[in-house]
Amino acid sequence: MKGYYERRAPEYDDWYEGVGLYAGRDAPGFADEVAEIARVVGELPPGRTLDVACGTGYLTRHLRGDVTGLDQSPSMLAIAAARMPRTNFVRGDAIELGFPDASFERVFTGHFYGHLEPAARYRFVAEARRVAPELVVVDASREHSSVDEEWQERTLSDGSHWRVFKRFFTADGLIAELGGGEALYTGRWFVAVRSPA
């Protein structure tokens, strides 16, 4: 997975914007939901936030307050840092968070949680709870998928092929999995939930 996202960095935003390999995607309402997710993220109260697996900073840029972006990919971080030169970006592991207890007020993650298999998922939630009292997750909605989870075959612009684990969520299911919380957004393409410790 690490190699995949490092190589995908130059074209990562294409997925959000419907260009490049995604130019012909048949996804009615997708662009409107991207705008809605950006609005939802931007309306979170300002605070000390750790954005785990921040990627290119596509959603990070909408977070308010003292934000730290974390990613394992140097190429993703370079794009994010160019996009937001005043934001602190750190290269690090997204499962074993290298921060002291209660370092942040919120952990945010967009389109990362849904790639985690069970052992990594449990460890991530425990680590998120350790470093912050609130967890906000944005991920893929179950509404547009015929399955709850799958292994996807993905191809990048350079012709390389990758196998990626992916899950799809209802807001209620994700809230239950995280141990409680509230839905911030439920759509055909995206869900967003906030879960307190």
# chains A, B, ... in the order shown; residues from 1 in each chain; ligands from 1
>>> residues_around(residues="segment 28-32 of chain A", least_positions_apart="2", cutoff="8 Å", atoms="only C-alpha atoms", output="list in words")
Tyr16, Glu17, Gly18, Asp26, Val34, Ala35, Glu36 and Trp189 of chain A
>>> residues_around(residues="segment 141-158 of chain A", least_positions_apart="6", cutoff="10 Å", atoms="only C-alpha atoms", output="PyMOL selection string")
chain A and resi 4+7-8+10-12+20-21+27+114-115+164-171+173-174+186-192
>>> select_by_dssp(residues="segment 37-116 of chain A", states="alpha helix (DSSP H)", output="ChimeraX atom specification")
/A:37-42,74-83
>>> atom_distance(atom1="atom CA of Arg86 of chain A", atom2="atom CA of Ala140 of chain A")
29.0 Å
>>> closest_residue(among="A:Gly69, A:Pro45, A:Pro196, A:Gly110", to="Asp93 of chain A", atoms="only C-alpha atoms")
A:Gly69
>>> closest_residue(among="A:Asp71, A:Glu96, A:Asp172, A:Glu127", to="Ala9 of chain A", atoms="only C-alpha atoms")
A:Asp71
>>> atom_distance(atom1="atom CA of Val136 of chain A", atom2="atom CA of Phe108 of chain A")
4.7 Å
>>> atom_distance(atom1="atom CA of Ala120 of chain A", atom2="atom CA of Asp66 of chain A")
26.8 Å
>>> closest_residue(among="A:Ala197, A:Val90, A:Ile37, A:Ala82", to="Val107 of chain A", atoms="only C-alpha atoms")
A:Ala197
>>> select_by_dssp(residues="segment 94-156 of chain A", states="strand (DSSP E or B)", output="ChimeraX atom specification")
/A:106-110,134-141,149-155
>>> closest_residue(among="A:Phe99, A:Tyr5, A:Leu178, A:Val40", to="Arg121 of chain A", atoms="only C-alpha atoms")
A:Leu178
>>> closest_residue(among="A:Ala126, A:Ala132, A:Leu116, A:Val67", to="Phe104 of chain A", atoms="only C-alpha atoms")
A:Ala132
>>> closest_residue(among="A:Pro133, A:Tyr58, A:Gly65, A:Met76", to="Pro46 of chain A", atoms="only C-alpha atoms")
A:Gly65
>>> residues_around(residues="Arg106 of chain A", least_positions_apart="3", cutoff="6 Å", atoms="only C-alpha atoms", output="MDAnalysis selection string")
chainID A and resid 49 132 134:135
>>> write_last_selection(atoms="N, CA and C atoms", output="PDB file, in the first residue's frame")
ATOM      1  N   THR A  49      -5.579  19.712  15.512  1.00  0.00           N
ATOM      2  CA  THR A  49      -6.034  18.552  14.750  1.00  0.00           C
ATOM      3  C   THR A  49      -4.865  17.839  14.096  1.00  0.00           C
ATOM      4  N   ALA A 132      -6.014  11.904  21.040  1.00  0.00           N
ATOM      5  CA  ALA A 132      -7.050  12.951  20.967  1.00  0.00           C
ATOM      6  C   ALA A 132      -8.385  12.421  21.476  1.00  0.00           C
ATOM      7  N   GLU A 134     -11.313  13.118  20.221  1.00  0.00           N
ATOM      8  CA  GLU A 134     -12.319  13.077  19.163  1.00  0.00           C
ATOM      9  C   GLU A 134     -11.695  12.519  17.893  1.00  0.00           C
ATOM     10  N   LEU A 135     -12.477  11.696  17.192  1.00  0.00           N
ATOM     11  CA  LEU A 135     -12.048  11.129  15.911  1.00  0.00           C
ATOM     12  C   LEU A 135     -13.097  11.463  14.865  1.00  0.00           C
TER      13      LEU A 135
END
>>> residues_around(residues="Leu59 of chain A", least_positions_apart="3", cutoff="8 Å", atoms="only C-alpha atoms", output="compact mmCIF listing (two decimals) with C-alpha atoms, in the first residue's frame")
# COMPACT_ATOMS: atom_id res chain seq x y z
CA ALA A 38 -15.20 20.21 1.96
CA VAL A 41 -14.72 19.62 7.11
CA CYS A 54 -3.34 13.46 4.88
CA HIS A 62 -10.33 22.87 4.89
CA LEU A 63 -9.50 22.08 8.52
CA GLY A 110 -10.12 11.05 5.03
